[in-house]
Amino acid sequence: MLWNSSSNIFNMLELLFDCENDTNVHQNGPRDFSKIVSPPRPRPGHSLCGVQNQGSTCYLSSLIQTLLFTPELRDSLFDLDDKDMGLMKNNSNNKERKIPIQLRKLFAEMLMSDQESVSTTDLTDSFGWNQSEEREQHDVQELNRILFSAIEESLAGTKDHELIRKLYHGNLVNRITCLSCGFVSERKEDFLDLPVIVAGNTDLINGLVNSYVAMETMDGHNQYWCDCCNKLVNADKDAKLTSLPPILTFSLLRFNFDYQQMERFKEIGKFAFPVSLDMSNFCYQNTCTSTEQLEYELFSVIIHRGSCHGGHYYAYIKDIDHLGKWTPPEEEPIQIMMDPETGQVDTIEYDNPIELLQAVLSQGDPDGMAVDKLCGLLVKQTGVSWNKRFKKQYGSIHKFLAKYDDKFRFDSKENWVKLKQYSDSGCSSITKDRGDTNCHSQSSTMAVNESQSQTDRDSGDWCSGKVNAIAIGQSEQVSSRHQSSAQWFEFNDSNVRSIHESQIEKMFSGKESAYMLFYRQKSLTRPLEAKGDPSYNVPPALAEVMGKLNKELQKQRELYEEQLNSITIQLHLGTNYQYSEGALKPRPESVYFLELTIDRRKTLEDLRIIVLEVAGEFVMVPMVLHMSKEFPAGLHLYHMIPEDNTMTIKDAGIVNGSILFLWNGQRIDNETIPIGADKEPILLSLTINDRTIYWAFSKDTTLGELKVMISDIFNIDVQLHKFFRHGEKESTSFDLCNDSSSLPELALKNGDGILIQQRQELKGDCNTSGSLKETMVVSVEDRTNQIQQQLMEVEIQADKDMLVEELKKMGLEKGYNDAASECRLCLNNGNILHDDLTLKDAGIMPHSAIIIQKGVAPVGKQIVISYSLLDKDLKESTEKQEVVLDQTETIQSCLECMVKQTGLKGSRYYLKSSTWCGEPGSDLTEVDKTLADCQIKHQDFLFLVEGSITPKGFIKFNLWMDSSQLEGKSGVISWITSSIQGLWNGKSTLGQKNDVNLTKIGNIEISKMATTDELKQMIISSHQVTELLVPSFKHIRLRCLEKGCLTFAVKGNKPVQQTKLLTATDIFIQILPEEDSLNADHIILNVQLRQVHSKSYQPPVEVLWEAGHRAALSSLRSVIADHMTIPVDRLIMAKHFPDKFDWLVLRDAKKSNAKSNNGKKSKGSVVANLRQAPYSIKDGDTLGVKDSADDVDNQDNFMTSQDKAGLQQELDNKKAKRDKHCSDKKKDKRKEVGLKIIVDNFP
């Protein structure tokens, strides 16, 4: 890294430019600790060991922990004979029984090794698993059976081959009793675990009763073949337990199958289970052992969180042998691994949620993180979730962050949190004291008791005897209160924590619920020497291996700490430096720095001794060390290293990559060296008369001082020269800047340039703002001559301050076209330019493509508006045109201008805006407002519409009629004919067939305050209806038209705005032979008579029903029966729901036995209101009717072939949607892979 000449400046700029604004004096930044292999973390305060997850092996971890804390199994595995296991060196003929060997080795490691968690890799390798199998999710109940089977097979031929059978196997008998002859058929079975159905059972006792007490009757299609009776008979079936094992296991069948959805699901209903269990009620004829051996206590619960397609397993386990140190969960400190930057390998404990969140945030991005990510990191680093540990006491994490706004900057809208000022000096570290830890908690009462535990660890006997781990605060008193009875712990992969026994009740139900239960006979006792001793019964050979392992772990941690605290610094030699061009630079071809590697826990005295040894003759007297940093200009000095030789290197602020400058602290080459952050050098390029040099200036240099210094450098008169900031696009004069401004205030930074010119050279070359004129080349294309086949394109040298009009003239002159008044400029994207704008304001950049086109050029506030003409049906009838108007013009003047320019006559036109996709938008009704007020901008597009605009306060309707009435012009004669025919048939003419051919006859405008009678009067006065000779407005009925069907009718005389009629509503005009007398109580129905044999309907007939406010079924039945000439007692009616392809039969109200408010039974029947659900009868509904005598067998069947086809189509659509949903879900499901353990063949 030799400094040769100033030509290397650009290389330095490229290397160091990203550090330019960094005030950190450590040249290389934070050290990368990821390359240093970290040793396993030591055990936390509870002294228990977790199990590492190999990818998706949480099911294995939870089961292994359960087996470890089953003392009888653990002791039995440790008692296995080494000879039988194939471990004896002189017995080469006996194969190793890998699975039990690896299992007890794992148990010993979990008990005795000083590790936070252990790996199960060796065990899974003995299973014959590969990496892919370790990443597959499996069922823990399946693993329990397969693992025990593998252990049994592995122990075949040894004296301990019945180890699993003695501890876990039981027997039951299945009985079938013939109810005819009393013969009993029995079949005995062996069980490893008892499956219990969760669905339909509230608790474990209920499930056991249903499985092993209750009788199942076999009858009907499920009859039993009795060999004695020699026929199918009714029988009772039950199952009874005949013997129970010491360790009783229950598998809860929470996974079920939905045959409708054709998929599995998880039962999340409540299923309780007791801590103490008496099995005497479930044994057969007292065949089980003594009563004491039928009493069990719960000691392990394996929990499943998630769905049947995936999830996570963990376990609640009772520490029977008191191997762990239990602390109440609310008092248990939370630990986070210390930052490697501190040089320590242990954990920091927090019992304050503020400090805990601060610690987690401090290790993340300085700009903060999402709250969800914070919660995830909290669980990942501590194994504790906020909701489980702190929510009950402090509330939700969002409220907590918002409350302590002096500690956290929380944005509730973005769900983002950022840390304010934070220092970790208030934390308590659980470390093995190395002499560099002076960090103790101010709020915590936790202290470190290292005397015994440290001695044990150093000797490798971490577990030799009772557990003497970390004593925390008043934990001795806490422990004494809880050591009398075994306590519960949560084992979640690598994380272990204390829990209360009451926590188990929360696992009765939900997506996170109990999945396997392990009970242990209460009569089983443990020897006193096993209490609290993890090394109890561990084979000496394994104990020796664990002792060596702990010593190796201790060495790894010491080596790791040495690596963490080993830093590399650069020692720059002042004797080989010179001060030139405003900065410290190494002398050419000299060795100007040395690299030192040192432990930062050492003192400054140690550092100075090393410097004297390695620097030798380069040491100046007095010897002074300064922190320094390299800049593009050269080296810069900051504070001096303290003279206190007892201070550690770390406390002095020296870190990996620090640069120390060795000199006498006075001068270099008789030059005073600037020191401090305010004197940092800024490297500038100075250009004068095409000559450029580079020079460094202190950051606190003012503009006035800079000018004088530059004048001295070039030996020029400062008064006769002008100074510019030399940028890439333009150069700006410093004349308007304050001479007292510093370089940062002038926004000058490394690499910026200063241009110096004599003032007489500037005449005519500067604009009024003092900036040098900048020219650019633009491309101009003339498209005004459409006859010319090849378009002419020229390049023009233009100034940014030139007007668009001047550029247009230059382009026309070069293109030999002088029609400047008939053309304009536009950009390649179509933006039309104003003639009075400068090229800079118009957005023209160097090498922009400019087009000259025909058209009027706008100036000032003028805008170009394009438009096209729409006819009455809103279809474009002319090509697009444009007008140029001032934005202060009104909408009315714009309309008049467009009408005039288009050559239209008359005043029945109005304007519409356009949508983003170019379609007609809203009407521009406020014609007196200006274009600017209506948000009409330059190059907007409008529509000129034929017709009149609807005034404010008015409403416009579309009018429709039956085409047959219009063509026949029936008038009064048709009414007379209809009336006579109605009298002849004995029916009202209101019952004519509702079969119309719709024809639009126009539209009408009316005030919203006008009445419906006034609306009718306007309709019959229109020229389309006048020809029909309607006597009065009372002879027409107005009905709303929706999707081609007639719906509600206008009833009574009320203001239009109080009806359901809205703007652009389609209104059907129905001409009546008599005056319309509709009121709010009337409902117009379409009634169709069902043709039973063809399963179809006659055309609909319109029936008017005066429903009243009660809308009773009896009233409707009477009207329909009279109208359709069907006896009332034989009339069956049903409402059609066309959207559902279904019919709902209208039934008589049933008698009500309900009590009234005073407690007495109400008399009579409840009268159903047909206006309400489920019928909701209204205008335009279709009713199907039939005579019950014509259809005796299917009186409620009103379906047609069209309905059936519609229903089938709907079912097909639902099935297709369901199949797609299922296929999408299957894509997300993880493929299920069978679980297997490979076992060698043993005799």
# chains A, B, ... in the order shown; residues from 1 in each chain; ligands from 1
>>> residues_around(residues="Asp114 in chain A", least_positions_apart="2", cutoff="7 Å", atoms="only C-alpha atoms", output="mmCIF file with all heavy atoms, in the first residue's frame")
data_model
loop_
_atom_site.group_PDB
_atom_site.id
_atom_site.type_symbol
_atom_site.label_atom_id
_atom_site.label_comp_id
_atom_site.auth_asym_id
_atom_site.auth_seq_id
_atom_site.Cartn_x
_atom_site.Cartn_y
_atom_site.Cartn_z
ATOM 1 N N PRO A 42 -22.746 -22.664 26.649
ATOM 2 C CA PRO A 42 -22.873 -23.412 27.903
ATOM 3 C C PRO A 42 -24.314 -23.485 28.363
ATOM 4 O O PRO A 42 -25.175 -22.766 27.857
ATOM 5 C CB PRO A 42 -22.020 -22.590 28.879
ATOM 6 C CG PRO A 42 -22.038 -21.208 28.318
ATOM 7 C CD PRO A 42 -22.092 -21.363 26.829
ATOM 8 N N ARG A 43 -24.561 -24.337 29.359
ATOM 9 C CA ARG A 43 -25.928 -24.495 29.856
ATOM 10 C C ARG A 43 -26.411 -23.229 30.550
ATOM 11 O O ARG A 43 -25.634 -22.586 31.258
ATOM 12 C CB ARG A 43 -25.995 -25.662 30.830
ATOM 13 C CG ARG A 43 -25.689 -26.989 30.182
ATOM 14 C CD ARG A 43 -26.224 -28.134 30.990
ATOM 15 N NE ARG A 43 -25.887 -29.411 30.369
ATOM 16 C CZ ARG A 43 -26.579 -30.525 30.532
ATOM 17 N NH1 ARG A 43 -27.629 -30.528 31.321
ATOM 18 N NH2 ARG A 43 -26.231 -31.643 29.920
ATOM 19 N N MET A 112 -24.764 -34.697 31.070
ATOM 20 C CA MET A 112 -23.485 -34.335 31.667
ATOM 21 C C MET A 112 -22.676 -33.313 30.889
ATOM 22 O O MET A 112 -21.798 -32.675 31.461
ATOM 23 C CB MET A 112 -22.637 -35.606 31.853
ATOM 24 C CG MET A 112 -23.268 -36.644 32.753
ATOM 25 S SD MET A 112 -22.189 -38.059 33.048
ATOM 26 C CE MET A 112 -20.833 -37.302 33.920
ATOM 27 N N GLU A 116 -25.714 -26.020 25.828
ATOM 28 C CA GLU A 116 -27.108 -25.580 25.859
ATOM 29 C C GLU A 116 -28.009 -26.587 25.156
ATOM 30 O O GLU A 116 -29.149 -26.816 25.566
ATOM 31 C CB GLU A 116 -27.231 -24.209 25.197
ATOM 32 C CG GLU A 116 -28.647 -23.662 25.202
ATOM 33 C CD GLU A 116 -28.801 -22.431 24.347
ATOM 34 O OE1 GLU A 116 -28.275 -22.432 23.215
ATOM 35 O OE2 GLU A 116 -29.427 -21.480 24.811
ATOM 36 N N TRP A 462 -18.025 -31.120 35.264
ATOM 37 C CA TRP A 462 -19.178 -30.206 35.398
ATOM 38 C C TRP A 462 -20.332 -30.890 36.100
ATOM 39 O O TRP A 462 -21.112 -30.261 36.784
ATOM 40 C CB TRP A 462 -19.602 -29.743 34.002
ATOM 41 C CG TRP A 462 -20.710 -28.765 34.045
ATOM 42 C CD1 TRP A 462 -20.616 -27.430 34.285
ATOM 43 C CD2 TRP A 462 -22.090 -29.028 33.849
ATOM 44 N NE1 TRP A 462 -21.844 -26.848 34.252
ATOM 45 C CE2 TRP A 462 -22.778 -27.805 33.983
ATOM 46 C CE3 TRP A 462 -22.825 -30.188 33.578
ATOM 47 C CZ2 TRP A 462 -24.136 -27.701 33.849
ATOM 48 C CZ3 TRP A 462 -24.193 -30.077 33.444
ATOM 49 C CH2 TRP A 462 -24.830 -28.838 33.586
ATOM 50 N N ASN A 550 -16.209 -32.081 28.092
ATOM 51 C CA ASN A 550 -16.334 -30.782 28.765
ATOM 52 C C ASN A 550 -15.010 -30.028 28.776
ATOM 53 O O ASN A 550 -14.974 -28.802 28.630
ATOM 54 C CB ASN A 550 -16.849 -30.984 30.192
ATOM 55 C CG ASN A 550 -18.321 -31.356 30.221
ATOM 56 O OD1 ASN A 550 -19.071 -31.001 29.331
ATOM 57 N ND2 ASN A 550 -18.723 -32.100 31.240
#
>>> residues_around(residues="range 957-960 of chain A", least_positions_apart="5", cutoff="9 Å", atoms="only C-alpha atoms", output="short mmCIF file (atom, residue, chain, number, x, y, z; two decimals) with N, CA and C atoms, in the first residue's frame")
data_model
loop_
_atom_site.label_atom_id
_atom_site.label_comp_id
_atom_site.auth_asym_id
_atom_site.auth_seq_id
_atom_site.Cartn_x
_atom_site.Cartn_y
_atom_site.Cartn_z
N LEU A 998 -89.87 -4.88 -25.52
CA LEU A 998 -89.43 -3.56 -25.05
C LEU A 998 -88.89 -2.72 -26.19
N THR A 999 -89.29 -1.44 -26.19
CA THR A 999 -88.80 -0.47 -27.16
C THR A 999 -88.57 0.85 -26.43
N LYS A 1000 -87.36 1.42 -26.60
CA LYS A 1000 -87.06 2.70 -25.98
C LYS A 1000 -87.65 3.82 -26.83
N ILE A 1001 -88.39 4.72 -26.15
CA ILE A 1001 -89.05 5.81 -26.89
C ILE A 1001 -88.41 7.16 -26.61
N GLY A 1002 -87.39 7.21 -25.72
CA GLY A 1002 -86.73 8.48 -25.45
C GLY A 1002 -86.44 8.63 -23.97
N ASN A 1003 -86.23 9.90 -23.55
CA ASN A 1003 -86.00 10.18 -22.14
C ASN A 1003 -86.72 11.44 -21.74
N ILE A 1004 -86.73 11.69 -20.45
CA ILE A 1004 -87.47 12.83 -19.93
C ILE A 1004 -86.73 13.38 -18.72
N GLU A 1005 -86.76 14.71 -18.56
CA GLU A 1005 -86.15 15.38 -17.41
C GLU A 1005 -87.25 16.01 -16.58
N ILE A 1006 -87.06 15.92 -15.27
CA ILE A 1006 -88.05 16.49 -14.36
C ILE A 1006 -87.36 16.87 -13.06
N ILE A 1019 -95.22 12.67 -19.24
CA ILE A 1019 -95.04 11.51 -20.14
C ILE A 1019 -96.15 11.47 -21.18
N LEU A 1041 -87.62 -0.92 -14.73
CA LEU A 1041 -87.18 -1.99 -15.62
C LEU A 1041 -85.75 -2.36 -15.23
N LEU A 1061 -86.68 5.89 -7.79
CA LEU A 1061 -86.22 6.27 -9.12
C LEU A 1061 -84.95 7.10 -9.01
N LEU A 1062 -83.92 6.69 -9.73
CA LEU A 1062 -82.64 7.39 -9.72
C LEU A 1062 -82.32 7.86 -11.14
N THR A 1063 -81.26 8.65 -11.26
CA THR A 1063 -80.84 9.13 -12.56
C THR A 1063 -80.52 7.95 -13.48
N ALA A 1064 -80.98 8.06 -14.73
CA ALA A 1064 -80.78 7.04 -15.77
C ALA A 1064 -81.57 5.76 -15.50
N THR A 1065 -82.56 5.81 -14.61
CA THR A 1065 -83.41 4.64 -14.37
C THR A 1065 -84.27 4.39 -15.61
N ASP A 1066 -84.43 3.12 -15.97
CA ASP A 1066 -85.30 2.74 -17.09
C ASP A 1066 -86.72 2.57 -16.56
N ILE A 1067 -87.67 3.35 -17.13
CA ILE A 1067 -89.06 3.31 -16.70
C ILE A 1067 -89.91 2.75 -17.83
N PHE A 1068 -90.72 1.74 -17.49
CA PHE A 1068 -91.64 1.15 -18.46
C PHE A 1068 -93.02 1.78 -18.28
N ILE A 1069 -93.59 2.23 -19.40
CA ILE A 1069 -94.92 2.87 -19.38
C ILE A 1069 -95.96 1.83 -19.73
#
>>> residues_around(residues="Asp125 in chain A", least_positions_apart="3", cutoff="10 Å", atoms="only C-alpha atoms", output="PyMOL selection string")
chain A and resi 98-99+102+120-122+128-131+134+1237-1238
>>> write_last_selection(atoms="C-alpha atoms", output="compact mmCIF listing (two decimals), in the first residue's frame")
# COMPACT_ATOMS: atom_id res chain seq x y z
CA LYS A 98 -26.09 -49.03 17.10
CA ILE A 99 -29.49 -47.68 18.11
CA GLN A 102 -26.31 -44.04 20.33
CA THR A 120 -29.13 -36.00 17.38
CA THR A 121 -27.14 -36.54 14.19
CA ASP A 122 -25.38 -39.69 15.45
CA GLY A 128 -30.27 -45.11 8.59
CA TRP A 129 -31.72 -41.67 7.86
CA ASN A 130 -30.24 -39.32 5.29
CA GLN A 131 -30.49 -35.54 5.10
CA GLU A 134 -34.37 -35.34 8.51
CA ILE A 1237 -35.87 -47.01 11.07
CA ILE A 1238 -33.42 -49.54 9.64
>>> residues_around(residues="Asp651 in chain A", least_positions_apart="4", cutoff="9 Å", atoms="only C-alpha atoms", output="list in words")
Arg600, Arg601 and Met647 of chain A
>>> write_last_selection(atoms="N, CA and C atoms", output="mmCIF file, in the first residue's frame")
data_model
loop_
_atom_site.group_PDB
_atom_site.id
_atom_site.type_symbol
_atom_site.label_atom_id
_atom_site.label_comp_id
_atom_site.auth_asym_id
_atom_site.auth_seq_id
_atom_site.Cartn_x
_atom_site.Cartn_y
_atom_site.Cartn_z
ATOM 1 N N ARG A 600 -7.050 -7.390 22.575
ATOM 2 C CA ARG A 600 -7.577 -6.100 23.034
ATOM 3 C C ARG A 600 -7.848 -6.063 24.530
ATOM 4 N N ARG A 601 -7.736 -7.195 25.206
ATOM 5 C CA ARG A 601 -7.892 -7.200 26.657
ATOM 6 C C ARG A 601 -6.621 -6.763 27.368
ATOM 7 N N MET A 647 -5.154 1.273 31.410
ATOM 8 C CA MET A 647 -6.386 1.141 30.618
ATOM 9 C C MET A 647 -6.211 0.044 29.576
#
>>> atom_distance(atom1="CA of Tyr909 in chain A", atom2="CA of Leu1015 in chain A")
24.4 Å
>>> closest_residue(among="A:Gly918, A:Pro71, A:Gly811, A:Pro329", to="His46 in chain A", atoms="only C-alpha atoms")
A:Pro329
>>> closest_residue(among="A:Ser56, A:Phe518, A:Val1101, A:Glu501", to="Glu133 in chain A", atoms="only C-alpha atoms")
A:Ser56
>>> closest_residue(among="A:Asn256, A:Ser1188, A:Asn828, A:Gln965", to="Ala199 in chain A", atoms="only C-alpha atoms")
A:Asn256
>>> select_by_dssp(residues="range 986-1050 of chain A", states="helix (DSSP H, G or I)", output="ChimeraX atom specification")
/A:989-991,1012-1021,1023-1026,1033-1035
>>> atom_distance(atom1="CA of Tyr694 in chain A", atom2="CA of Ile659 in chain A")
24.4 Å
>>> closest_residue(among="A:Gly55, A:Pro100, A:Gly311, A:Gly200", to="Arg135 in chain A", atoms="only C-alpha atoms")
A:Gly55
>>> residues_around(residues="Leu660 in chain A", least_positions_apart="6", cutoff="12 Å", atoms="only C-alpha atoms", output="PyMOL selection string")
chain A and resi 25-27+568-574+592-596+607-608+611+623-630+635-641+653-654
>>> residues_around(residues="Ser848 in chain A", least_positions_apart="2", cutoff="7 Å", atoms="only C-alpha atoms", output="list of chain:residue names")
A:Val778, A:Ser779, A:Ile844, A:Met845, A:Pro846, A:Ile850
>>> residues_around(residues="Phe734 in chain A", least_positions_apart="2", cutoff="6 Å", atoms="only C-alpha atoms", output="PDB file with N, CA, C and O atoms, in the first residue's frame")
ATOM      1  N   PHE A 723     -14.582  32.647  -9.179  1.00  0.00           N
ATOM      2  CA  PHE A 723     -14.540  31.261  -8.758  1.00  0.00           C
ATOM      3  C   PHE A 723     -15.901  30.600  -8.979  1.00  0.00           C
ATOM      4  O   PHE A 723     -16.936  31.186  -8.612  1.00  0.00           O
ATOM      5  N   PHE A 724     -15.898  29.428  -9.572  1.00  0.00           N
ATOM      6  CA  PHE A 724     -17.117  28.698  -9.894  1.00  0.00           C
ATOM      7  C   PHE A 724     -17.061  27.296  -9.287  1.00  0.00           C
ATOM      8  O   PHE A 724     -15.986  26.700  -9.174  1.00  0.00           O
ATOM      9  N   LEU A 736     -22.481  34.874  -5.197  1.00  0.00           N
ATOM     10  CA  LEU A 736     -23.656  35.108  -4.366  1.00  0.00           C
ATOM     11  C   LEU A 736     -23.556  34.410  -3.017  1.00  0.00           C
ATOM     12  O   LEU A 736     -24.466  34.529  -2.188  1.00  0.00           O
ATOM     13  N   CYS A 737     -22.481  33.664  -2.775  1.00  0.00           N
ATOM     14  CA  CYS A 737     -22.318  32.933  -1.514  1.00  0.00           C
ATOM     15  C   CYS A 737     -21.592  33.796  -0.494  1.00  0.00           C
ATOM     16  O   CYS A 737     -20.782  34.679  -0.835  1.00  0.00           O
TER      17      CYS A 737
END
>>> closest_residue(among="A:Lys1140, A:Lys1186, A:His1035, A:Lys707", to="Met1124 in chain A", atoms="only C-alpha atoms")
A:Lys1186
>>> select_by_dssp(residues="range 219-352 of chain A", states="strand (DSSP E)", output="PyMOL selection string")
chain A and resi 224-226+231-233+235-243+247-253+255-258+263-266+276-278+295-307+310-318+334-337+347-350
